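Worksheet: one structure, shown below.
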Amino acid sequence: MSKELFKELVGVIATLRSENGCPWDREQTHETLKSTLIEETYETLEAIDTGDPSKLKEELGDLLLNIMLQAQIASEHEAFDIYAVIETLTEKLIRRHPHVFGDVDVENSEEVVKNWEAIKRQEAGYSDRKSVLDGIPSAMPTLLYAQKIQSRAARVGFDWDELTDVIAKVEEELDEVKASINTEGSEAAAMELGDLLFAIVNLCRFMNLQAEETLRQANRKFITRFKWMEAELERRGTNFESQDLESLDAIWEAAKKAETDAG
């Protein structure tokens with residue numbers, strides 16, 4: 001049944017792209033679908049955050065639709081089709097997991113990653129990568145990009161030994177930000193702030209946290225508390241503009257307490 005469902009999906013996508021299909025689908029190219037692919041990826045991440053399986057199922061379908069459209073467009077240009085995509089992926093997974101499909105022994109996930117990278121370097125398309133940092137997509141979200149850079153550097157030993165060293169680096173960069181604000185102007189401050197952000201991302205990595213997800217959680221927390229403040233101010237018959245900073249700070253603390261009490 002699953003194979004038939006997949007063939008049916010392939011047929012549906014081909015029909016949508018056909019002469020008598022959907023005008024919007026027919027107009028799409030690899031390039032025009034880039035923004036949609038990014039949007040659907042973030043909607044999938046949001047669905048994961050909700051913990052709602054039905055929502056995640058729907059968003060994964062939308063994400064799959066983008067992949068299917070990309071493959072269909074390639075097929076129409078006689079480049080490859082979705083079956084070639086699946087075949088290539090299957091071969092890659094088997095090749096890069098010799099500890100599962102071969103006779104290689106590994107003790108932990110770190111060894112798996114090292115083997116994965118070593119195997120990648122032997123594959124076609126990777127031979128021109130001279131630096132450990134080559135091949136990281138620059139279009140990645142900036143926090144994720146920074147953490148990927150740091151992880152690659154750490155794999156070859158360019159890393160701190162202790163958490164205290166990483167924290168000291170963050171404090172050092174913060175001191176440099178303060179100094180640049182007081183003496184060097186906005187351009188220098190921007191550069192120092194960048195260094196501080198990079199150091200904080202490194203702290204996340206060292207603590208086995210994803211900087212992107214850590215900030216995402218902080219964003220959600222701020223939104224929840226801010227909306228609580230809006231509701232509280234409305235309940236009191238007032239608004240933000242009518243309050244001084246001290247009053248708003250007190251309401252913010254009340255929002256934090258309400259959040260803690262709720263759960």
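Residue names in the structure tokens use chain letters A, B, ... in the order shown, residue numbers from 1 in each chain, and ligand numbers from 1 in the order shown.
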Q. How would you write, as number ranges by chain, the set of residues in range 58-134 of chain A that DSSP gives as alpha helix (DSSP H)?
A. A: 58-76, 82-95, 98-101, 109-121
Applying 12 Å and only C-alpha atoms, which residues near Glu173 in chain A remain after dropping the ones on its own chain fewer than 5 positions away? List them as a tab-separated table (two decimals) with N, CA and C atoms, in the first residue's frame.
chain	number	residue	atom	x	y	z
A	166	VAL	N	35.50	28.87	28.51
A	166	VAL	CA	34.52	29.42	27.57
A	166	VAL	C	33.79	30.60	28.21
A	167	ILE	N	33.42	30.44	29.47
A	167	ILE	CA	32.74	31.53	30.18
A	167	ILE	C	33.66	32.75	30.30
A	168	ALA	N	34.93	32.50	30.58
A	168	ALA	CA	35.90	33.61	30.67
A	168	ALA	C	36.00	34.35	29.34
A	178	LYS	N	31.91	46.78	26.11
A	178	LYS	CA	31.77	47.97	26.96
A	178	LYS	C	32.83	49.02	26.61
A	179	ALA	N	34.05	48.56	26.42
A	179	ALA	CA	35.13	49.49	26.10
A	179	ALA	C	34.90	50.17	24.76
A	180	SER	N	34.41	49.42	23.78
A	180	SER	CA	34.19	49.99	22.44
A	180	SER	C	33.06	50.99	22.44
A	189	ALA	N	31.85	49.00	18.05
A	189	ALA	CA	30.94	48.30	18.96
A	189	ALA	C	30.23	47.16	18.25
A	190	ALA	N	29.84	47.39	16.99
A	190	ALA	CA	29.18	46.33	16.22
A	190	ALA	C	30.09	45.13	16.05
A	191	MET	N	31.35	45.36	15.77
A	191	MET	CA	32.30	44.25	15.60
A	191	MET	C	32.48	43.50	16.91
A	192	GLU	N	32.57	44.26	18.02
A	192	GLU	CA	32.75	43.60	19.32
A	192	GLU	C	31.50	42.85	19.74
A	193	LEU	N	30.33	43.40	19.40
A	193	LEU	CA	29.08	42.68	19.69
A	193	LEU	C	29.01	41.37	18.91
A	194	GLY	N	29.50	41.41	17.68
A	194	GLY	CA	29.57	40.18	16.89
A	194	GLY	C	30.44	39.14	17.55
A	195	ASP	N	31.59	39.58	18.07
A	195	ASP	CA	32.49	38.66	18.77
A	195	ASP	C	31.82	38.09	20.02
A	196	LEU	N	31.04	38.94	20.71
A	196	LEU	CA	30.34	38.48	21.91
A	196	LEU	C	29.29	37.43	21.55
A	197	LEU	N	28.52	37.71	20.51
A	197	LEU	CA	27.52	36.73	20.06
A	197	LEU	C	28.17	35.41	19.68
A	198	PHE	N	29.30	35.50	18.98
A	198	PHE	CA	30.02	34.29	18.56
A	198	PHE	C	30.48	33.50	19.79
A	199	ALA	N	30.94	34.22	20.81
A	199	ALA	CA	31.40	33.56	22.03
A	199	ALA	C	30.23	32.91	22.77
A	200	ILE	N	29.06	33.56	22.77
A	200	ILE	CA	27.89	32.99	23.43
A	200	ILE	C	27.41	31.74	22.70
Q. What's the 12 Å shell around Leu163 in chain A, counting only C-alpha atoms, without same-chain residues fewer than 3 positions away, as a PyMOL selection string?
A. chain A and resi 159-160+166-170+200+202-208
Write the residues of the selection above to a file with N, CA and C atoms, as an mmCIF file, in the first residue's frame.
data_model
loop_
_atom_site.group_PDB
_atom_site.id
_atom_site.type_symbol
_atom_site.label_atom_id
_atom_site.label_comp_id
_atom_site.auth_asym_id
_atom_site.auth_seq_id
_atom_site.Cartn_x
_atom_site.Cartn_y
_atom_site.Cartn_z
ATOM 1 N N ASP A 159 39.663 23.944 20.211
ATOM 2 C CA ASP A 159 38.547 24.058 21.132
ATOM 3 C C ASP A 159 39.068 24.295 22.543
ATOM 4 N N TRP A 160 38.193 24.776 23.409
ATOM 5 C CA TRP A 160 38.541 24.963 24.807
ATOM 6 C C TRP A 160 38.549 23.623 25.531
ATOM 7 N N VAL A 166 35.504 28.867 28.507
ATOM 8 C CA VAL A 166 34.519 29.416 27.566
ATOM 9 C C VAL A 166 33.788 30.600 28.206
ATOM 10 N N ILE A 167 33.423 30.444 29.470
ATOM 11 C CA ILE A 167 32.744 31.527 30.181
ATOM 12 C C ILE A 167 33.658 32.747 30.298
ATOM 13 N N ALA A 168 34.929 32.498 30.581
ATOM 14 C CA ALA A 168 35.900 33.606 30.671
ATOM 15 C C ALA A 168 35.996 34.347 29.345
ATOM 16 N N LYS A 169 35.909 33.609 28.222
ATOM 17 C CA LYS A 169 35.961 34.240 26.903
ATOM 18 C C LYS A 169 34.737 35.123 26.681
ATOM 19 N N VAL A 170 33.571 34.655 27.120
ATOM 20 C CA VAL A 170 32.361 35.469 27.010
ATOM 21 C C VAL A 170 32.517 36.757 27.809
ATOM 22 N N ILE A 200 29.064 33.557 22.766
ATOM 23 C CA ILE A 200 27.888 32.988 23.428
ATOM 24 C C ILE A 200 27.414 31.736 22.697
ATOM 25 N N ASN A 202 29.338 29.770 21.107
ATOM 26 C CA ASN A 202 30.332 28.761 21.476
ATOM 27 C C ASN A 202 30.030 28.179 22.856
ATOM 28 N N LEU A 203 29.547 29.021 23.773
ATOM 29 C CA LEU A 203 29.161 28.545 25.097
ATOM 30 C C LEU A 203 28.007 27.556 24.980
ATOM 31 N N CYS A 204 27.032 27.881 24.144
ATOM 32 C CA CYS A 204 25.917 26.950 23.907
ATOM 33 C C CYS A 204 26.435 25.614 23.387
ATOM 34 N N ARG A 205 27.306 25.680 22.389
ATOM 35 C CA ARG A 205 27.849 24.455 21.802
ATOM 36 C C ARG A 205 28.584 23.623 22.852
ATOM 37 N N PHE A 206 29.400 24.298 23.665
ATOM 38 C CA PHE A 206 30.191 23.593 24.675
ATOM 39 C C PHE A 206 29.286 22.917 25.705
ATOM 40 N N MET A 207 28.102 23.480 25.914
ATOM 41 C CA MET A 207 27.141 22.921 26.872
ATOM 42 C C MET A 207 26.158 21.965 26.196
ATOM 43 N N ASN A 208 26.463 21.596 24.922
ATOM 44 C CA ASN A 208 25.618 20.682 24.149
ATOM 45 C C ASN A 208 24.200 21.225 23.946
#
Q) Suppose you want the space between CA of Asp165 in chain A and CA of Val201 in chain A; what is it in Å? A) 14.0 Å
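Considering the residues A:Leu69, A:His97, A:Trp116, A:Gln150 and counting only C-alpha atoms, Asp81 in chain A has its shortest atom-to-atom contact with A:Leu69.
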Please identify every residue of range 84-173 of chain A that has at least one atom no farther than 12 Å from an atom of range 36-53 of chain A, counting only C-alpha atoms, and for each give the shortest atom pair and the distance in Å to one decimal, arranged by chain then increasing number, as a Markdown table.
| residue | atom | partner | partner_atom | distance |
| --- | --- | --- | --- | --- |
| A:Ala139 | CA | A:Ile38 | CA | 10.5 |
| A:Met140 | CA | A:Ile38 | CA | 10.1 |
| A:Pro141 | CA | A:Ile38 | CA | 10.5 |
Give me a file of those residues, with C-alpha atoms, as a compact mmCIF listing (two decimals), in the first residue's frame.
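Wrote it out as again.txt, contents follow:
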# COMPACT_ATOMS: atom_id res chain seq x y z
CA ALA A 139 22.59 30.69 3.78
CA MET A 140 22.03 28.88 7.08
CA PRO A 141 20.52 30.92 9.95
Q: Figure out the distance between CA of Leu93 in chain A and CA of Gly125 in chain A, please, to one decimal in Å.
A: 16.4 Å
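With only C-alpha atoms taken into account, the protein and nucleic acid residues at most 9 Å from Ile82 in chain A (excluding it and anything under 2 positions from it in its own chain) are Val10, Ile67, Met68, Gln70, Ala71, Gln72, Ala74, Ser75, Phe80, Ala84, Val85, Ile86 and Glu87 of chain A.
Nearest residue to Pro137 in chain A, choosing from A:Ile149, A:Ala218, A:Ala254, A:Val156 and counting only C-alpha atoms: A:Ile149.
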(Q) Neighbouring residues of Leu144 in chain A were defined as those with any atom within 8 Å, considering only C-alpha atoms; residues of the same chain fewer than 5 positions away were excluded. Please report them as an MDAnalysis selection string. (A) chainID A and resid 210:212
